[in-house]
file structure-v7.csv (CSV, C-alpha atoms)
chain,number,residue,atom,x,y,z
A,1339,MET,CA,29.8,39.4,6.2
A,1340,THR,CA,32.8,37.8,7.8
A,1341,ARG,CA,30.8,34.9,9.1
A,1342,THR,CA,29.5,33.9,5.7
A,1343,ALA,CA,32.9,33.8,4.0
A,1344,PRO,CA,34.1,30.7,5.9
A,1345,LEU,CA,30.8,29.0,5.3
A,1346,ALA,CA,31.0,29.7,1.5
A,1347,ILE,CA,34.6,28.4,1.5
A,1348,LEU,CA,33.6,25.2,3.3
A,1349,THR,CA,30.7,24.7,0.9
A,1350,LEU,CA,32.9,25.1,-2.1
A,1351,ALA,CA,35.5,22.8,-0.7
A,1352,ALA,CA,32.8,20.1,0.0
A,1353,LEU,CA,31.5,20.4,-3.6
A,1354,SER,CA,35.0,20.1,-5.0
A,1355,VAL,CA,35.6,16.9,-3.0
A,1356,LEU,CA,32.2,15.5,-4.1
A,1357,GLY,CA,32.9,16.4,-7.7
A,1358,ALA,CA,36.3,14.7,-7.6
A,1359,ALA,CA,34.8,11.6,-6.0
A,1360,CYS,CA,32.2,11.3,-8.8
A,1361,SER,CA,34.7,11.3,-11.6
A,1362,SER,CA,38.3,12.2,-11.1
A,1363,ASP,CA,39.4,11.7,-14.7
A,1364,GLY,CA,36.5,13.0,-16.7
A,1365,THR,CA,35.1,9.6,-17.4
A,1366,SER,CA,31.7,8.5,-16.2
A,1367,SER,CA,31.6,6.6,-12.9
A,1368,GLU,CA,30.0,3.7,-14.8
A,1369,ALA,CA,33.2,3.2,-16.7
A,1370,THR,CA,35.4,3.2,-13.7
A,1371,SER,CA,33.4,1.2,-11.2
A,1372,SER,CA,32.0,-2.3,-11.0
A,1373,THR,CA,28.8,-3.4,-9.4
A,1374,THR,CA,27.8,-6.6,-7.6
A,1375,VAL,CA,24.1,-7.3,-7.8
A,1376,ALA,CA,22.6,-9.4,-5.0
A,1377,PRO,CA,20.3,-12.2,-6.1
A,1378,VAL,CA,16.6,-11.2,-6.2
A,1379,THR,CA,14.2,-13.3,-4.2
A,1380,THR,CA,10.5,-13.0,-4.0
A,1381,SER,CA,8.1,-13.8,-1.1
A,1382,SER,CA,4.5,-13.3,-0.3
A,1383,ALA,CA,5.4,-10.7,2.4
A,1384,PRO,CA,5.1,-7.1,1.3
A,1385,THR,CA,8.5,-5.7,0.1
A,1386,THR,CA,8.3,-2.6,2.2
A,1387,PRO,CA,7.2,-3.3,5.8
A,1388,GLY,CA,6.2,0.3,6.4
A,1389,PRO,CA,5.3,1.7,9.8
A,1390,ALA,CA,4.1,-0.5,12.6
A,1391,SER,CA,1.0,1.7,13.0
A,1392,VAL,CA,-0.7,4.6,11.3
A,1393,THR,CA,-3.1,7.3,12.4
A,1394,MET,CA,-6.3,7.4,10.5
A,1395,ALA,CA,-9.6,9.0,11.5
A,1396,GLY,CA,-8.0,10.1,14.8
A,1397,GLN,CA,-7.2,6.5,15.7
A,1398,THR,CA,-3.9,4.7,15.9
A,1399,VAL,CA,-4.2,1.5,14.0
A,1400,THR,CA,-1.6,-1.3,13.6
A,1401,THR,CA,-0.6,-2.1,10.1
A,1402,ALA,CA,-1.2,-5.8,11.1
A,1403,LYS,CA,-4.9,-5.0,11.6
A,1404,LEU,CA,-5.0,-3.1,8.3
A,1405,ARG,CA,-3.4,-6.0,6.5
A,1406,ALA,CA,-5.8,-8.4,8.1
A,1407,ILE,CA,-8.7,-6.3,6.8
A,1408,ALA,CA,-7.3,-6.6,3.3
A,1409,ALA,CA,-6.5,-10.3,3.6
A,1410,GLY,CA,-10.1,-10.9,4.7
A,1411,LEU,CA,-11.3,-9.5,1.4
A,1412,CYS,CA,-9.1,-12.0,-0.5
A,1413,GLU,CA,-10.3,-14.9,1.7
A,1414,SER,CA,-13.9,-13.8,1.1
A,1415,ALA,CA,-13.3,-13.6,-2.7
A,1416,THR,CA,-11.9,-17.1,-2.7
A,1417,GLN,CA,-14.8,-18.5,-0.7
A,1418,ALA,CA,-17.4,-16.7,-2.9
A,1419,ALA,CA,-16.8,-19.0,-5.8
A,1420,THR,CA,-18.2,-22.0,-3.9
A,1421,ASP,CA,-20.0,-20.6,-0.8
A,1422,THR,CA,-21.3,-17.1,-0.8
A,1423,SER,CA,-22.7,-17.5,2.7
A,1424,ALA,CA,-19.2,-18.2,4.0
A,1425,ALA,CA,-17.8,-15.3,2.0
A,1426,GLU,CA,-20.3,-12.9,3.5
A,1427,LYS,CA,-19.5,-14.2,7.0
A,1428,THR,CA,-15.8,-13.6,6.4
A,1429,PHE,CA,-16.4,-10.2,4.8
A,1430,GLN,CA,-18.6,-9.0,7.7
A,1431,GLY,CA,-16.4,-10.5,10.4
A,1432,THR,CA,-13.0,-9.5,9.1
A,1433,SER,CA,-13.2,-6.6,6.7
A,1434,HIS,CA,-16.5,-4.6,6.9
A,1435,ASP,CA,-15.9,-2.4,9.9
A,1436,GLY,CA,-12.3,-1.8,9.0
A,1437,LEU,CA,-13.3,-0.6,5.5
A,1438,HIS,CA,-15.4,2.1,7.2
A,1439,LEU,CA,-12.3,3.1,9.3
A,1440,ILE,CA,-10.1,3.3,6.2
A,1441,ALA,CA,-12.7,5.4,4.4
A,1442,ARG,CA,-12.9,7.8,7.3
A,1443,GLY,CA,-9.2,8.1,7.3
A,1444,LEU,CA,-9.1,8.8,3.5
A,1445,GLN,CA,-11.7,11.6,3.9
A,1446,ASP,CA,-9.0,13.7,5.5
A,1447,ILE,CA,-6.5,13.2,2.6
A,1448,ASP,CA,-8.5,12.2,-0.5
A,1449,ARG,CA,-12.3,12.4,-0.4
A,1450,PRO,CA,-12.8,10.9,-3.9
A,1451,ALA,CA,-10.7,7.9,-3.0
A,1452,SER,CA,-12.8,7.5,0.2
A,1453,ALA,CA,-16.0,7.6,-2.0
A,1454,THR,CA,-14.6,5.0,-4.4
A,1455,LEU,CA,-13.8,2.7,-1.5
A,1456,LEU,CA,-17.3,3.0,0.0
A,1457,GLU,CA,-19.0,2.6,-3.4
A,1458,ASP,CA,-17.1,-0.7,-4.0
A,1459,LYS,CA,-18.0,-1.8,-0.5
A,1460,GLN,CA,-21.6,-1.1,-1.2
A,1461,LYS,CA,-21.5,-3.0,-4.4
A,1462,VAL,CA,-20.3,-6.1,-2.5
A,1463,GLU,CA,-23.0,-5.6,0.1
A,1464,ALA,CA,-25.6,-5.4,-2.6
A,1465,ASP,CA,-24.2,-8.7,-4.1
A,1466,PHE,CA,-24.8,-10.4,-0.8
A,1467,SER,CA,-28.2,-8.8,-0.3
A,1468,ASN,CA,-29.3,-9.8,-3.8
A,1469,HIS,CA,-27.9,-13.3,-3.6
A,1470,ALA,CA,-25.7,-12.7,-6.6
A,1471,ALA,CA,-23.8,-15.5,-8.2
A,1472,GLY,CA,-20.6,-16.5,-6.7
A,1473,GLY,CA,-18.5,-15.4,-9.7
A,1474,GLN,CA,-20.0,-11.9,-9.5
A,1475,VAL,CA,-19.4,-11.7,-5.7
A,1476,ALA,CA,-15.8,-12.9,-6.1
A,1477,ALA,CA,-15.2,-10.3,-8.9
A,1478,ASP,CA,-16.6,-7.5,-6.9
A,1479,LEU,CA,-14.6,-8.5,-3.8
A,1480,ARG,CA,-11.4,-8.6,-5.8
A,1481,SER,CA,-12.2,-5.1,-7.2
A,1482,LEU,CA,-12.8,-3.9,-3.6
A,1483,SER,CA,-9.5,-5.6,-2.6
A,1484,GLU,CA,-7.6,-3.6,-5.2
A,1485,VAL,CA,-9.3,-0.3,-4.1
A,1486,THR,CA,-8.4,-1.1,-0.5
A,1487,LYS,CA,-4.8,-1.9,-1.5
A,1488,SER,CA,-4.4,1.5,-3.2
A,1489,SER,CA,-6.2,3.2,-0.3
A,1490,LEU,CA,-3.8,1.7,2.3
A,1491,ALA,CA,-0.9,2.7,0.1
A,1492,ARG,CA,-1.9,6.4,0.8
A,1493,PHE,CA,-1.0,5.6,4.5
A,1494,THR,CA,2.3,3.8,3.4
A,1495,VAL,CA,0.8,0.5,4.3
A,1496,THR,CA,1.6,-2.2,1.7
A,1497,VAL,CA,-0.6,-5.3,1.2
A,1498,ASP,CA,-0.3,-8.3,-1.1
A,1499,ASP,CA,-2.5,-8.9,-4.1
A,1500,CYS,CA,-5.2,-11.5,-3.8
A,1501,PRO,CA,-4.1,-14.9,-5.1
A,1502,ALA,CA,-5.3,-15.6,-8.6
A,1503,PRO,CA,-8.6,-17.4,-8.8
call {"tool": "encode", "arguments": {"input": "structure-v7.csv", "output": "structure tokens"}}
result
Amino acid sequence: MTRTAPLAILTLAALSVLGAACSSDGTSSEATSSTTVAPVTTSSAPTTPGPASVTMAGQTVTTAKLRAIAAGLCESATQAATDTSAAEKTFQGTSHDGLHLIARGLQDIDRPASATLLEDKQKVEADFSNHAAGGQVAADLRSLSEVTKSSLARFTVTVDDCPAP
């Protein structure tokens, strides 16, 4: 019992000091302090860099690779409007295998999200197989890009939105 008394006294003292620092005269801290706001700037880089790598499906994957997978979807969507063959080549070469990896990683933490990612991927693959119009392929690729973005967010990996068409 004698050991807990000094700890309790120290805790109360710390709380008293913190309380005094927050507002010593009973007025709110907003009334007694001033704030300087830094100018806000925007860039195309994600606002939160996140980790350099993440573990998914038992593999360590760099966030740069995951961002490249997502960027490949955006590039493919842009190409689809005028050249679906080039869009398919970009999709297959840059994003396809990585989407399987992301889906396997999601299975461990969110099976429905994994299923949604795979369903959207299959929709894009069907577009290519059925020689869908470029506008449809682009729209489905953009949808897949959004699902991929939210999937990667589950691993604290941020990616940019695709540029507007």
call {"tool": "atom_distance", "arguments": {"input": "structure-v7.csv", "atom1": "atom CA of Asp1435 of chain A", "atom2": "atom CA of Arg1492 of chain A"}}
result
18.9 Å
call {"tool": "atom_distance", "arguments": {"input": "structure-v7.csv", "atom1": "atom CA of Ala1415 of chain A", "atom2": "atom CA of Val1475 of chain A"}}
result
7.1 Å
call {"tool": "residues_around", "arguments": {"input": "structure-v7.csv", "residues": "segment 1481-1488 of chain A", "least_positions_apart": "3", "cutoff": "8 Å", "atoms": "all atoms listed in the file", "output": "PyMOL selection string"}}
result
chain A and resi 1408+1411-1412+1437+1454-1455+1458-1459+1462+1477-1478+1491-1492+1496-1500
call {"tool": "atom_distance", "arguments": {"input": "structure-v7.csv", "atom1": "atom CA of Ala1419 of chain A", "atom2": "atom CA of Lys1403 of chain A"}}
result
25.3 Å
call {"tool": "closest_residue", "arguments": {"input": "structure-v7.csv", "among": "A:Phe1429, A:Gly1436, A:Asp1465, A:Leu1444", "to": "Gln1417 of chain A", "atoms": "all atoms listed in the file"}}
result
A:Phe1429
call {"tool": "closest_residue", "arguments": {"input": "structure-v7.csv", "among": "A:Ile1447, A:Ala1453, A:Ala1424, A:Ala1418", "to": "Pro1503 of chain A", "atoms": "all atoms listed in the file"}}
result
A:Ala1418
call {"tool": "closest_residue", "arguments": {"input": "structure-v7.csv", "among": "A:Gly1410, A:Gly1396, A:Pro1389, A:Gly1473", "to": "Thr1432 of chain A", "atoms": "only C-alpha atoms"}}
result
A:Gly1410
call {"tool": "residues_around", "arguments": {"input": "structure-v7.csv", "residues": "Asp1446 of chain A", "least_positions_apart": "2", "cutoff": "12 Å", "atoms": "all atoms listed in the file", "output": "list in words"}}
result
Thr1393, Met1394, Ala1395, Gly1396, Leu1439, Ile1440, Ala1441, Arg1442, Gly1443, Leu1444, Asp1448, Arg1449, Pro1450, Ala1451, Ser1452, Ala1453, Arg1492 and Phe1493 of chain A
call {"tool": "decode", "arguments": {"input": "structure-v7.csv", "residues": "segment 1442-1476 of chain A", "atoms": "N, CA and C atoms", "output": "PDB file, in the first residue's frame"}}
result
ATOM      1  N   ARG A1442      -5.178 -11.542 -52.386  1.00  0.00           N
ATOM      2  CA  ARG A1442      -4.760 -12.577 -51.421  1.00  0.00           C
ATOM      3  C   ARG A1442      -4.466 -11.950 -50.060  1.00  0.00           C
ATOM      4  N   GLY A1443      -3.835 -10.802 -50.052  1.00  0.00           N
ATOM      5  CA  GLY A1443      -3.571 -10.106 -48.789  1.00  0.00           C
ATOM      6  C   GLY A1443      -4.847  -9.693 -48.092  1.00  0.00           C
ATOM      7  N   LEU A1444      -5.823  -9.238 -48.858  1.00  0.00           N
ATOM      8  CA  LEU A1444      -7.103  -8.819 -48.279  1.00  0.00           C
ATOM      9  C   LEU A1444      -7.869  -9.990 -47.682  1.00  0.00           C
ATOM     10  N   GLN A1445      -7.689 -11.178 -48.227  1.00  0.00           N
ATOM     11  CA  GLN A1445      -8.412 -12.337 -47.705  1.00  0.00           C
ATOM     12  C   GLN A1445      -8.180 -12.519 -46.213  1.00  0.00           C
ATOM     13  N   ASP A1446      -6.990 -12.175 -45.757  1.00  0.00           N
ATOM     14  CA  ASP A1446      -6.667 -12.336 -44.343  1.00  0.00           C
ATOM     15  C   ASP A1446      -7.366 -11.317 -43.450  1.00  0.00           C
ATOM     16  N   ILE A1447      -7.724 -10.166 -44.007  1.00  0.00           N
ATOM     17  CA  ILE A1447      -8.291  -9.106 -43.169  1.00  0.00           C
ATOM     18  C   ILE A1447      -9.707  -8.701 -43.544  1.00  0.00           C
ATOM     19  N   ASP A1448     -10.120  -8.954 -44.809  1.00  0.00           N
ATOM     20  CA  ASP A1448     -11.449  -8.522 -45.248  1.00  0.00           C
ATOM     21  C   ASP A1448     -11.838  -9.308 -46.505  1.00  0.00           C
ATOM     22  N   ARG A1449     -12.409 -10.475 -46.296  1.00  0.00           N
ATOM     23  CA  ARG A1449     -12.766 -11.348 -47.429  1.00  0.00           C
ATOM     24  C   ARG A1449     -13.742 -10.685 -48.404  1.00  0.00           C
ATOM     25  N   PRO A1450     -14.772  -9.973 -47.934  1.00  0.00           N
ATOM     26  CA  PRO A1450     -15.674  -9.317 -48.892  1.00  0.00           C
ATOM     27  C   PRO A1450     -14.949  -8.288 -49.767  1.00  0.00           C
ATOM     28  N   ALA A1451     -14.003  -7.554 -49.195  1.00  0.00           N
ATOM     29  CA  ALA A1451     -13.236  -6.578 -49.991  1.00  0.00           C
ATOM     30  C   ALA A1451     -12.382  -7.303 -51.029  1.00  0.00           C
ATOM     31  N   SER A1452     -11.831  -8.437 -50.654  1.00  0.00           N
ATOM     32  CA  SER A1452     -11.051  -9.241 -51.594  1.00  0.00           C
ATOM     33  C   SER A1452     -11.935  -9.688 -52.754  1.00  0.00           C
ATOM     34  N   ALA A1453     -13.131 -10.141 -52.437  1.00  0.00           N
ATOM     35  CA  ALA A1453     -14.064 -10.584 -53.479  1.00  0.00           C
ATOM     36  C   ALA A1453     -14.443  -9.435 -54.411  1.00  0.00           C
ATOM     37  N   THR A1454     -14.689  -8.267 -53.851  1.00  0.00           N
ATOM     38  CA  THR A1454     -15.042  -7.102 -54.668  1.00  0.00           C
ATOM     39  C   THR A1454     -13.916  -6.746 -55.626  1.00  0.00           C
ATOM     40  N   LEU A1455     -12.682  -6.776 -55.124  1.00  0.00           N
ATOM     41  CA  LEU A1455     -11.532  -6.478 -55.976  1.00  0.00           C
ATOM     42  C   LEU A1455     -11.452  -7.480 -57.130  1.00  0.00           C
ATOM     43  N   LEU A1456     -11.594  -8.758 -56.829  1.00  0.00           N
ATOM     44  CA  LEU A1456     -11.512  -9.782 -57.881  1.00  0.00           C
ATOM     45  C   LEU A1456     -12.673  -9.686 -58.868  1.00  0.00           C
ATOM     46  N   GLU A1457     -13.858  -9.357 -58.379  1.00  0.00           N
ATOM     47  CA  GLU A1457     -15.007  -9.199 -59.281  1.00  0.00           C
ATOM     48  C   GLU A1457     -14.793  -8.044 -60.245  1.00  0.00           C
ATOM     49  N   ASP A1458     -14.288  -6.916 -59.739  1.00  0.00           N
ATOM     50  CA  ASP A1458     -14.022  -5.769 -60.618  1.00  0.00           C
ATOM     51  C   ASP A1458     -12.911  -6.085 -61.612  1.00  0.00           C
ATOM     52  N   LYS A1459     -11.917  -6.840 -61.176  1.00  0.00           N
ATOM     53  CA  LYS A1459     -10.832  -7.256 -62.088  1.00  0.00           C
ATOM     54  C   LYS A1459     -11.396  -8.144 -63.188  1.00  0.00           C
ATOM     55  N   GLN A1460     -12.266  -9.077 -62.821  1.00  0.00           N
ATOM     56  CA  GLN A1460     -12.866  -9.975 -63.810  1.00  0.00           C
ATOM     57  C   GLN A1460     -13.736  -9.215 -64.805  1.00  0.00           C
ATOM     58  N   LYS A1461     -14.390  -8.149 -64.338  1.00  0.00           N
ATOM     59  CA  LYS A1461     -15.201  -7.324 -65.235  1.00  0.00           C
ATOM     60  C   LYS A1461     -14.315  -6.695 -66.317  1.00  0.00           C
ATOM     61  N   VAL A1462     -13.150  -6.209 -65.911  1.00  0.00           N
ATOM     62  CA  VAL A1462     -12.215  -5.610 -66.867  1.00  0.00           C
ATOM     63  C   VAL A1462     -11.701  -6.680 -67.837  1.00  0.00           C
ATOM     64  N   GLU A1463     -11.361  -7.838 -67.304  1.00  0.00           N
ATOM     65  CA  GLU A1463     -10.885  -8.925 -68.170  1.00  0.00           C
ATOM     66  C   GLU A1463     -11.962  -9.330 -69.180  1.00  0.00           C
ATOM     67  N   ALA A1464     -13.222  -9.350 -68.749  1.00  0.00           N
ATOM     68  CA  ALA A1464     -14.319  -9.668 -69.665  1.00  0.00           C
ATOM     69  C   ALA A1464     -14.448  -8.591 -70.739  1.00  0.00           C
ATOM     70  N   ASP A1465     -14.262  -7.337 -70.353  1.00  0.00           N
ATOM     71  CA  ASP A1465     -14.288  -6.254 -71.346  1.00  0.00           C
ATOM     72  C   ASP A1465     -13.250  -6.503 -72.435  1.00  0.00           C
ATOM     73  N   PHE A1466     -12.051  -6.859 -72.032  1.00  0.00           N
ATOM     74  CA  PHE A1466     -11.000  -7.113 -73.020  1.00  0.00           C
ATOM     75  C   PHE A1466     -11.342  -8.331 -73.878  1.00  0.00           C
ATOM     76  N   SER A1467     -11.817  -9.387 -73.258  1.00  0.00           N
ATOM     77  CA  SER A1467     -12.162 -10.617 -73.997  1.00  0.00           C
ATOM     78  C   SER A1467     -13.301 -10.393 -74.985  1.00  0.00           C
ATOM     79  N   ASN A1468     -14.260  -9.559 -74.596  1.00  0.00           N
ATOM     80  CA  ASN A1468     -15.436  -9.317 -75.437  1.00  0.00           C
ATOM     81  C   ASN A1468     -15.269  -8.124 -76.367  1.00  0.00           C
ATOM     82  N   HIS A1469     -14.075  -7.548 -76.396  1.00  0.00           N
ATOM     83  CA  HIS A1469     -13.782  -6.385 -77.257  1.00  0.00           C
ATOM     84  C   HIS A1469     -14.790  -5.259 -77.013  1.00  0.00           C
ATOM     85  N   ALA A1470     -15.006  -4.957 -75.751  1.00  0.00           N
ATOM     86  CA  ALA A1470     -15.932  -3.887 -75.369  1.00  0.00           C
ATOM     87  C   ALA A1470     -15.429  -2.549 -75.894  1.00  0.00           C
ATOM     88  N   ALA A1471     -16.344  -1.618 -75.998  1.00  0.00           N
ATOM     89  CA  ALA A1471     -15.991  -0.268 -76.451  1.00  0.00           C
ATOM     90  C   ALA A1471     -15.030   0.381 -75.463  1.00  0.00           C
ATOM     91  N   GLY A1472     -14.185   1.241 -75.996  1.00  0.00           N
ATOM     92  CA  GLY A1472     -13.170   1.900 -75.178  1.00  0.00           C
ATOM     93  C   GLY A1472     -13.731   2.624 -73.971  1.00  0.00           C
ATOM     94  N   GLY A1473     -14.873   3.278 -74.136  1.00  0.00           N
ATOM     95  CA  GLY A1473     -15.486   4.004 -73.025  1.00  0.00           C
ATOM     96  C   GLY A1473     -15.890   3.069 -71.887  1.00  0.00           C
ATOM     97  N   GLN A1474     -16.417   1.894 -72.239  1.00  0.00           N
ATOM     98  CA  GLN A1474     -16.810   0.922 -71.220  1.00  0.00           C
ATOM     99  C   GLN A1474     -15.579   0.375 -70.502  1.00  0.00           C
ATOM    100  N   VAL A1475     -14.545   0.062 -71.266  1.00  0.00           N
ATOM    101  CA  VAL A1475     -13.311  -0.459 -70.674  1.00  0.00           C
ATOM    102  C   VAL A1475     -12.717   0.584 -69.728  1.00  0.00           C
ATOM    103  N   ALA A1476     -12.667   1.827 -70.177  1.00  0.00           N
ATOM    104  CA  ALA A1476     -12.120   2.903 -69.345  1.00  0.00           C
ATOM    105  C   ALA A1476     -12.914   3.062 -68.057  1.00  0.00           C
TER     106      ALA A1476
END
